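Worksheet for the structure shown next.
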Amino acid sequence: MSERPILVVGFVTPVLRALIGAEPDGSVVLVEEPDVVRKRDIRAKLAGSPLVRELIEWEHAKPGTADAFYATHRDLNPVAVVPLIEYATPFAARLAERYGVPGASLGAALTLRDKALLRQVSAAAGVPNPESATVTCPADVLAFMRARPGPVVLKPTNRQAAVGTQIIQDPAEVEQAWANCVEQDEGVFVPDRPMELRMLAERYVPGPEYSVEMLVRGGRQLFANVTGKQLYPGPRPVELAHIVPADIPDDLTETLAELTRQVVAAVGFVDGILHCEWIVADGVPFLVECAGRIAGDGILEIIDHAYPIKLLRSYFAMMRGETLPELPRRATGGAAVRFVPMEPGVIDAVLGVEQARQVEGVFLVDLQVGPGHRSTGLRSSWDRSGLVMAEADSPAEALQRAEKAAGLIRIEVRPE
């Protein structure tokens, strides 16, 4: 058992599973919201875990709770503090400061958590941003649209997973879109107490989407990858697929990495990992948002299959203060994750899973639904039914394999 634990904030099953064997037994102390522990039955899920020595229930998503945690648990003396979920990043950054271990810095974490503030700070540093304005009611959105004709994106400033986000094409859609977007229930993944509602309207930028996953130490890049993205069609910008590395010219790859470095400098991010999203319109990358945490949606897993790296292990080693070997600059293959479509209704059967697993290059098929599951449609990333991951010699071939496997899975539903 490690004497100085790693303090992990937020329960993410695939990450904790990936750390078994990579980190010493009993080396992790997990911090999670009491409501989330109860709703996700986390204590039962951790029973017998070789990795997690202790689960501490703490309201980490509330302002000021990091200092109270430090005062209560000063003797923990962690070797690292690592946030795994979006809402934990300010808490983890402040704890890192109090314990004197590497971290993002509280200022950077707070800026990255607020999309409106991030627009203001990054634009001042010269990073291209779409025009935007904070809005408090449908009338504010209509005024924004009148001043800037064309589609807009309405979204919360402080949520994750595309929750409460919608593209509005016409002013006649604003009232219903507002009603849709202020409904921001994330179910078992968030505490029961209400979260402050703050909304942002911004000019819709059409173009291909990418993300940059960057490992940063002392404000400097150690590793960067650019991921290509595909979205489901429709007004909800939910991701359908991720491709690593993005199949784009080298100069665009470098431009996206350089702009992400500018975001790092603008917010004062010190140590950690970022997931920074971009849309490229007429050759110009525009910042979508940037998270000071690991990427979700299986992106870390497909990076490990496309590059000669174990990025999650490198991240944890860096946060422990260890010296890392030189990390790869280029991928040696390609990998992709493709989500499995599902119609609204009640699931009668899920078919074709084993056939999907037999497709060449497929290394993971993970379905989160089964008979009896009810779906009301695609509103956010939480509404997706499952995913397929595949690898190949090239990103394009990896995506083809993932698409083929996903196409073999049939989710039979009946209307409510």
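Each chain in the structure tokens gets a letter, A, B and so on, in the order shown; residues start at 1 in every chain, and ligands are counted from 1 in the order they appear.
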
Task: Residue neighbourhood stretch 68-81 of chain A, 7 Å, only C-alpha atoms, exclusion window fewer than 5 positions, as an MDAnalysis selection string - done: chainID A and resid 4:8 92 95:96 98:99 101:102 319:320

Could you make a table, as a Markdown table, of the residues of stretch 184-244 of chain A that have an atom within 12 Å of an atom of stretch 364-378 of chain A, each with its nearest atom pair and distance in Å to one decimal, counting only C-alpha atoms, in chain and number order?
```
| residue | atom | partner | partner_atom | distance |
| --- | --- | --- | --- | --- |
| A:Leu231 | CA | A:Leu378 | CA | 11.7 |
| A:Tyr232 | CA | A:Leu378 | CA | 9.0 |
| A:Pro233 | CA | A:Leu378 | CA | 10.4 |
| A:Gly234 | CA | A:Leu378 | CA | 9.5 |
| A:Pro235 | CA | A:Leu378 | CA | 9.9 |
| A:Arg236 | CA | A:Leu378 | CA | 7.5 |
| A:Pro237 | CA | A:Leu378 | CA | 9.7 |
| A:Val238 | CA | A:Leu378 | CA | 7.9 |
| A:Glu239 | CA | A:Leu378 | CA | 10.6 |
| A:Leu240 | CA | A:Leu378 | CA | 11.0 |
```

DSSP on the backbone: what in stretch 86-245 of chain A comes out strand (DSSP E or B), as an mmCIF file with C-alpha atoms, in the first residue's frame?
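Everything below was put into part.cif:
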```
data_model
loop_
_atom_site.group_PDB
_atom_site.id
_atom_site.type_symbol
_atom_site.label_atom_id
_atom_site.label_comp_id
_atom_site.auth_asym_id
_atom_site.auth_seq_id
_atom_site.Cartn_x
_atom_site.Cartn_y
_atom_site.Cartn_z
ATOM 1 C CA SER A 132 -21.373 35.575 -27.732
ATOM 2 C CA ALA A 133 -23.418 37.097 -24.927
ATOM 3 C CA THR A 134 -24.793 35.906 -21.614
ATOM 4 C CA VAL A 135 -28.588 35.621 -21.713
ATOM 5 C CA VAL A 152 -27.045 30.679 -32.860
ATOM 6 C CA VAL A 153 -26.052 28.161 -30.232
ATOM 7 C CA LEU A 154 -27.787 28.345 -26.859
ATOM 8 C CA LYS A 155 -25.977 26.567 -24.031
ATOM 9 C CA PRO A 156 -25.213 26.709 -20.305
ATOM 10 C CA GLN A 166 -29.147 23.460 -28.887
ATOM 11 C CA ILE A 167 -28.585 25.066 -32.288
ATOM 12 C CA ILE A 168 -31.357 27.561 -33.114
ATOM 13 C CA MET A 199 -26.873 30.634 -20.207
ATOM 14 C CA LEU A 200 -24.835 31.777 -23.191
ATOM 15 C CA ALA A 201 -25.913 32.618 -26.746
ATOM 16 C CA GLU A 202 -23.246 32.587 -29.430
ATOM 17 C CA ARG A 203 -23.012 32.793 -33.172
ATOM 18 C CA GLU A 209 -14.863 19.932 -35.282
ATOM 19 C CA TYR A 210 -11.728 18.811 -33.473
ATOM 20 C CA SER A 211 -10.373 18.520 -29.970
ATOM 21 C CA VAL A 212 -6.844 18.809 -28.637
ATOM 22 C CA GLU A 213 -5.807 16.591 -25.739
ATOM 23 C CA MET A 214 -2.739 18.177 -24.168
ATOM 24 C CA LEU A 215 -0.571 17.120 -21.247
ATOM 25 C CA VAL A 216 0.908 20.200 -19.565
ATOM 26 C CA ARG A 217 3.638 20.563 -16.948
ATOM 27 C CA ARG A 220 4.377 23.843 -21.145
ATOM 28 C CA GLN A 221 3.173 21.132 -23.505
ATOM 29 C CA LEU A 222 4.527 17.628 -22.969
ATOM 30 C CA PHE A 223 2.168 15.818 -25.344
ATOM 31 C CA ALA A 224 -0.600 16.812 -27.746
ATOM 32 C CA ASN A 225 -3.046 14.917 -29.920
ATOM 33 C CA VAL A 226 -5.721 16.250 -32.264
ATOM 34 C CA THR A 227 -8.954 14.245 -32.424
ATOM 35 C CA GLY A 228 -11.397 14.473 -35.329
ATOM 36 C CA LYS A 229 -15.108 14.545 -34.480
ATOM 37 C CA GLN A 230 -18.423 13.675 -36.070
ATOM 38 C CA LEU A 231 -21.775 14.860 -34.695
ATOM 39 C CA GLU A 239 -20.791 13.623 -30.736
ATOM 40 C CA LEU A 240 -21.282 10.515 -32.880
ATOM 41 C CA ALA A 241 -17.620 9.534 -33.405
ATOM 42 C CA HIS A 242 -14.037 10.424 -32.488
ATOM 43 C CA ILE A 243 -11.056 9.650 -34.722
ATOM 44 C CA VAL A 244 -7.410 9.642 -33.544
#
```

Task: Proximity to A:Arg38 - best of A:Gly150, A:Arg414, A:Asp192, A:Leu106, only C-alpha atoms - done: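 Smallest distance to A:Arg38 is found for A:Asp192.
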
Open item on the list: Give me the residues near A:Ala349 as an NGL selection string, where near means some atom within 8 Å (using only C-alpha atoms) and where sequence neighbours in that chain fewer than 2 positions away do not count.
Closed with: :A and (347 or 351 or 370-371 or 411-413)

TODO: Give me the residues within 10 Å of A:Glu32 as a ChimeraX atom specification, counting only C-alpha atoms and dropping any in the same chain fewer than 3 places off.
DONE: /A:8-11,35-37,42,55-61,88,190-191

Open item on the list: Using only C-alpha atoms for the distances, tell me which of A:Gly386, A:Gly361, A:Glu416, A:Ala125 is nearest to A:Ala402.
Closed with: A:Gly361

Fewer than 4 positions away in the same chain doesn't count, so skip those; otherwise give me all residues within 8 Å of stretch 327-340 of chain A, counting only C-alpha atoms, as an mmCIF file with C-alpha atoms, in the first residue's frame.
```cif
data_model
loop_
_atom_site.group_PDB
_atom_site.id
_atom_site.type_symbol
_atom_site.label_atom_id
_atom_site.label_comp_id
_atom_site.auth_asym_id
_atom_site.auth_seq_id
_atom_site.Cartn_x
_atom_site.Cartn_y
_atom_site.Cartn_z
ATOM 1 C CA LEU A 222 4.527 17.628 -22.969
ATOM 2 C CA PHE A 223 2.168 15.818 -25.344
ATOM 3 C CA ALA A 224 -0.600 16.812 -27.746
ATOM 4 C CA LEU A 240 -21.282 10.515 -32.880
ATOM 5 C CA ALA A 241 -17.620 9.534 -33.405
ATOM 6 C CA HIS A 242 -14.037 10.424 -32.488
ATOM 7 C CA ILE A 243 -11.056 9.650 -34.722
ATOM 8 C CA VAL A 244 -7.410 9.642 -33.544
ATOM 9 C CA PRO A 245 -5.358 11.224 -34.881
ATOM 10 C CA ASP A 297 -16.053 9.465 -24.660
ATOM 11 C CA GLY A 298 -13.208 6.936 -24.773
ATOM 12 C CA ILE A 299 -10.745 9.417 -26.302
ATOM 13 C CA ILE A 302 -8.155 5.370 -28.509
ATOM 14 C CA ILE A 303 -5.105 7.627 -28.059
ATOM 15 C CA HIS A 305 -4.185 2.478 -29.383
ATOM 16 C CA ALA A 306 -2.985 5.020 -31.961
ATOM 17 C CA TYR A 307 0.200 6.223 -30.213
ATOM 18 C CA PRO A 308 3.055 4.393 -28.450
ATOM 19 C CA ILE A 309 1.883 5.837 -25.116
ATOM 20 C CA ARG A 384 -26.259 7.640 -26.030
ATOM 21 C CA SER A 385 -26.765 3.887 -25.828
ATOM 22 C CA GLY A 386 -23.207 2.577 -26.119
ATOM 23 C CA LEU A 387 -20.051 2.570 -28.199
ATOM 24 C CA VAL A 388 -17.625 0.598 -30.329
ATOM 25 C CA MET A 389 -13.833 1.154 -30.445
ATOM 26 C CA ALA A 390 -11.543 -0.053 -33.209
ATOM 27 C CA GLU A 391 -7.926 0.304 -34.318
ATOM 28 C CA ALA A 392 -6.158 0.032 -37.676
ATOM 29 C CA ASP A 393 -3.100 1.208 -39.574
ATOM 30 C CA SER A 394 -4.817 4.531 -40.371
ATOM 31 C CA PRO A 395 -7.502 6.720 -38.775
ATOM 32 C CA ALA A 396 -9.826 6.310 -41.775
ATOM 33 C CA GLU A 397 -9.640 2.533 -41.649
ATOM 34 C CA ALA A 398 -10.193 2.522 -37.888
ATOM 35 C CA LEU A 399 -13.356 4.582 -38.331
ATOM 36 C CA ALA A 402 -15.915 1.001 -35.878
ATOM 37 C CA GLU A 403 -18.788 2.039 -38.156
ATOM 38 C CA ALA A 406 -21.753 -0.323 -34.782
ATOM 39 C CA GLY A 407 -23.933 -1.055 -37.814
ATOM 40 C CA ILE A 409 -25.789 -3.799 -33.450
#
```

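Between A:Asp25 and the residues A:Cys276, A:Val52, A:Leu311, A:Ala44, the shortest atom-to-atom distance, using only C-alpha atoms, involves A:Val52.
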
Open item on the list: Neighbouring residues of A:Leu287 were defined as those with any atom within 10 Å, considering only C-alpha atoms; residues of the same chain fewer than 6 positions away were excluded. Please report them as a VMD selection string.
Closed with: chain A and resid 118 to 119 122 to 123 127 to 130 210 to 211 256 259 to 260 263 276 to 280

Could the residues in this selection be written to a file with N, CA and C atoms, as a PDB file, in the first residue's frame?
```
ATOM      1  N   LEU A 118     -14.325  32.074 -20.027  1.00  0.00           N
ATOM      2  CA  LEU A 118     -13.273  31.579 -20.905  1.00  0.00           C
ATOM      3  C   LEU A 118     -13.274  32.328 -22.232  1.00  0.00           C
ATOM      4  N   ARG A 119     -14.443  32.624 -22.774  1.00  0.00           N
ATOM      5  CA  ARG A 119     -14.510  33.421 -24.013  1.00  0.00           C
ATOM      6  C   ARG A 119     -13.842  34.776 -23.801  1.00  0.00           C
ATOM      7  N   SER A 122      -9.833  34.246 -23.200  1.00  0.00           N
ATOM      8  CA  SER A 122      -9.100  33.759 -24.368  1.00  0.00           C
ATOM      9  C   SER A 122      -9.152  34.750 -25.523  1.00  0.00           C
ATOM     10  N   ALA A 123     -10.288  35.437 -25.698  1.00  0.00           N
ATOM     11  CA  ALA A 123     -10.377  36.437 -26.755  1.00  0.00           C
ATOM     12  C   ALA A 123      -9.405  37.590 -26.499  1.00  0.00           C
ATOM     13  N   VAL A 127      -7.147  34.622 -29.055  1.00  0.00           N
ATOM     14  CA  VAL A 127      -7.689  33.354 -29.539  1.00  0.00           C
ATOM     15  C   VAL A 127      -9.037  33.618 -30.215  1.00  0.00           C
ATOM     16  N   PRO A 128      -9.257  33.139 -31.447  1.00  0.00           N
ATOM     17  CA  PRO A 128     -10.539  33.379 -32.123  1.00  0.00           C
ATOM     18  C   PRO A 128     -11.699  32.722 -31.382  1.00  0.00           C
ATOM     19  N   ASN A 129     -12.736  33.508 -31.119  1.00  0.00           N
ATOM     20  CA  ASN A 129     -13.957  33.039 -30.478  1.00  0.00           C
ATOM     21  C   ASN A 129     -15.157  33.509 -31.283  1.00  0.00           C
ATOM     22  N   PRO A 130     -16.237  32.743 -31.331  1.00  0.00           N
ATOM     23  CA  PRO A 130     -17.469  33.265 -31.934  1.00  0.00           C
ATOM     24  C   PRO A 130     -18.049  34.371 -31.062  1.00  0.00           C
ATOM     25  N   TYR A 210     -12.901  19.530 -33.958  1.00  0.00           N
ATOM     26  CA  TYR A 210     -11.728  18.811 -33.473  1.00  0.00           C
ATOM     27  C   TYR A 210     -11.583  19.066 -31.975  1.00  0.00           C
ATOM     28  N   SER A 211     -10.788  18.223 -31.343  1.00  0.00           N
ATOM     29  CA  SER A 211     -10.373  18.520 -29.970  1.00  0.00           C
ATOM     30  C   SER A 211      -8.883  18.265 -29.844  1.00  0.00           C
ATOM     31  N   LEU A 256      -3.817  24.031 -34.389  1.00  0.00           N
ATOM     32  CA  LEU A 256      -4.711  23.703 -33.282  1.00  0.00           C
ATOM     33  C   LEU A 256      -3.932  23.514 -31.986  1.00  0.00           C
ATOM     34  N   LEU A 259      -2.819  27.058 -30.791  1.00  0.00           N
ATOM     35  CA  LEU A 259      -3.922  27.808 -30.185  1.00  0.00           C
ATOM     36  C   LEU A 259      -4.258  27.261 -28.804  1.00  0.00           C
ATOM     37  N   THR A 260      -4.157  25.952 -28.639  1.00  0.00           N
ATOM     38  CA  THR A 260      -4.393  25.377 -27.309  1.00  0.00           C
ATOM     39  C   THR A 260      -3.316  25.831 -26.338  1.00  0.00           C
ATOM     40  N   VAL A 263      -4.354  29.126 -25.145  1.00  0.00           N
ATOM     41  CA  VAL A 263      -5.384  29.030 -24.103  1.00  0.00           C
ATOM     42  C   VAL A 263      -4.737  28.705 -22.762  1.00  0.00           C
ATOM     43  N   CYS A 276      -9.508  20.435 -25.256  1.00  0.00           N
ATOM     44  CA  CYS A 276      -9.862  21.743 -25.803  1.00  0.00           C
ATOM     45  C   CYS A 276     -10.518  21.550 -27.159  1.00  0.00           C
ATOM     46  N   GLU A 277     -11.747  22.048 -27.344  1.00  0.00           N
ATOM     47  CA  GLU A 277     -12.542  21.789 -28.537  1.00  0.00           C
ATOM     48  C   GLU A 277     -12.562  22.994 -29.478  1.00  0.00           C
ATOM     49  N   TRP A 278     -12.517  22.699 -30.786  1.00  0.00           N
ATOM     50  CA  TRP A 278     -12.415  23.726 -31.824  1.00  0.00           C
ATOM     51  C   TRP A 278     -13.327  23.410 -33.001  1.00  0.00           C
ATOM     52  N   ILE A 279     -13.804  24.472 -33.669  1.00  0.00           N
ATOM     53  CA  ILE A 279     -14.471  24.372 -34.967  1.00  0.00           C
ATOM     54  C   ILE A 279     -13.662  25.188 -35.958  1.00  0.00           C
ATOM     55  N   VAL A 280     -13.378  24.607 -37.121  1.00  0.00           N
ATOM     56  CA  VAL A 280     -12.598  25.302 -38.145  1.00  0.00           C
ATOM     57  C   VAL A 280     -13.537  25.775 -39.247  1.00  0.00           C
TER      58      VAL A 280
END
```

Open item on the list: I'd like the interatomic distance between atom CA of A:Asp247 and atom CA of A:Ala281, to a tenth of an Å.
Closed with: 16.5 Å

Task: Pairwise distance for atom CA of A:Pro249 and atom CA of A:Gly283, rounded to one decimal in Å - done: 11.6 Å

Open item on the list: Under the rule that only C-alpha atoms are counted, which of A:Met195, A:Val359, A:Ala257, A:Val205 is the nearest residue to A:Lys62?
Closed with: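 Of all the options, A:Met195 lies closest to A:Lys62.
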
Task: Members of stretch 307-375 of chain A assigned helix (DSSP H, G or I) by DSSP, as a ChimeraX atom specification - done: /A:311-319,353-357

Selection to disk with C-alpha atoms, as a tab-separated table (two decimals), in the first residue's frame:
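selection_21.tsv, written as the output of this step:
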```
chain	number	residue	atom	x	y	z
A	311	LEU	CA	-1.55	8.63	-21.63
A	312	LEU	CA	-3.51	8.06	-18.43
A	313	ARG	CA	-0.49	6.49	-16.74
A	314	SER	CA	1.75	9.33	-17.96
A	315	TYR	CA	-0.75	11.86	-16.60
A	316	PHE	CA	-0.84	10.28	-13.15
A	317	ALA	CA	2.95	9.93	-13.06
A	318	MET	CA	3.34	13.59	-13.98
A	319	MET	CA	0.87	14.68	-11.29
A	353	VAL	CA	-23.23	-7.43	-30.02
A	354	GLU	CA	-21.17	-10.58	-30.46
A	355	GLN	CA	-21.02	-10.07	-34.23
A	356	ALA	CA	-19.74	-6.53	-33.64
A	357	ARG	CA	-16.99	-7.87	-31.40
```

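Reported to one decimal place, the separation of atom CA of A:Phe363 from atom CA of A:Ala405 is 10.6 Å.
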
Open item on the list: At a cut-off of 10 Å, using only C-alpha atoms, what residues contact A:Gly218? Leave out same-chain residues fewer than 4 positions from it and give the result as a list in words.
Closed with: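 After dropping sequence-adjacent residues, the list is Pro102, Gly103, Ala104, Leu222, Gly268, Phe269, Val270, Asp271 and Gly272 of chain A.
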
Task: Nearest to A:Val31, chosen from A:Phe144, A:Phe91, A:Phe286, A:Trp382, with only C-alpha atoms counted in the distances - done: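 The answer is A:Phe91, which sits nearest to A:Val31.
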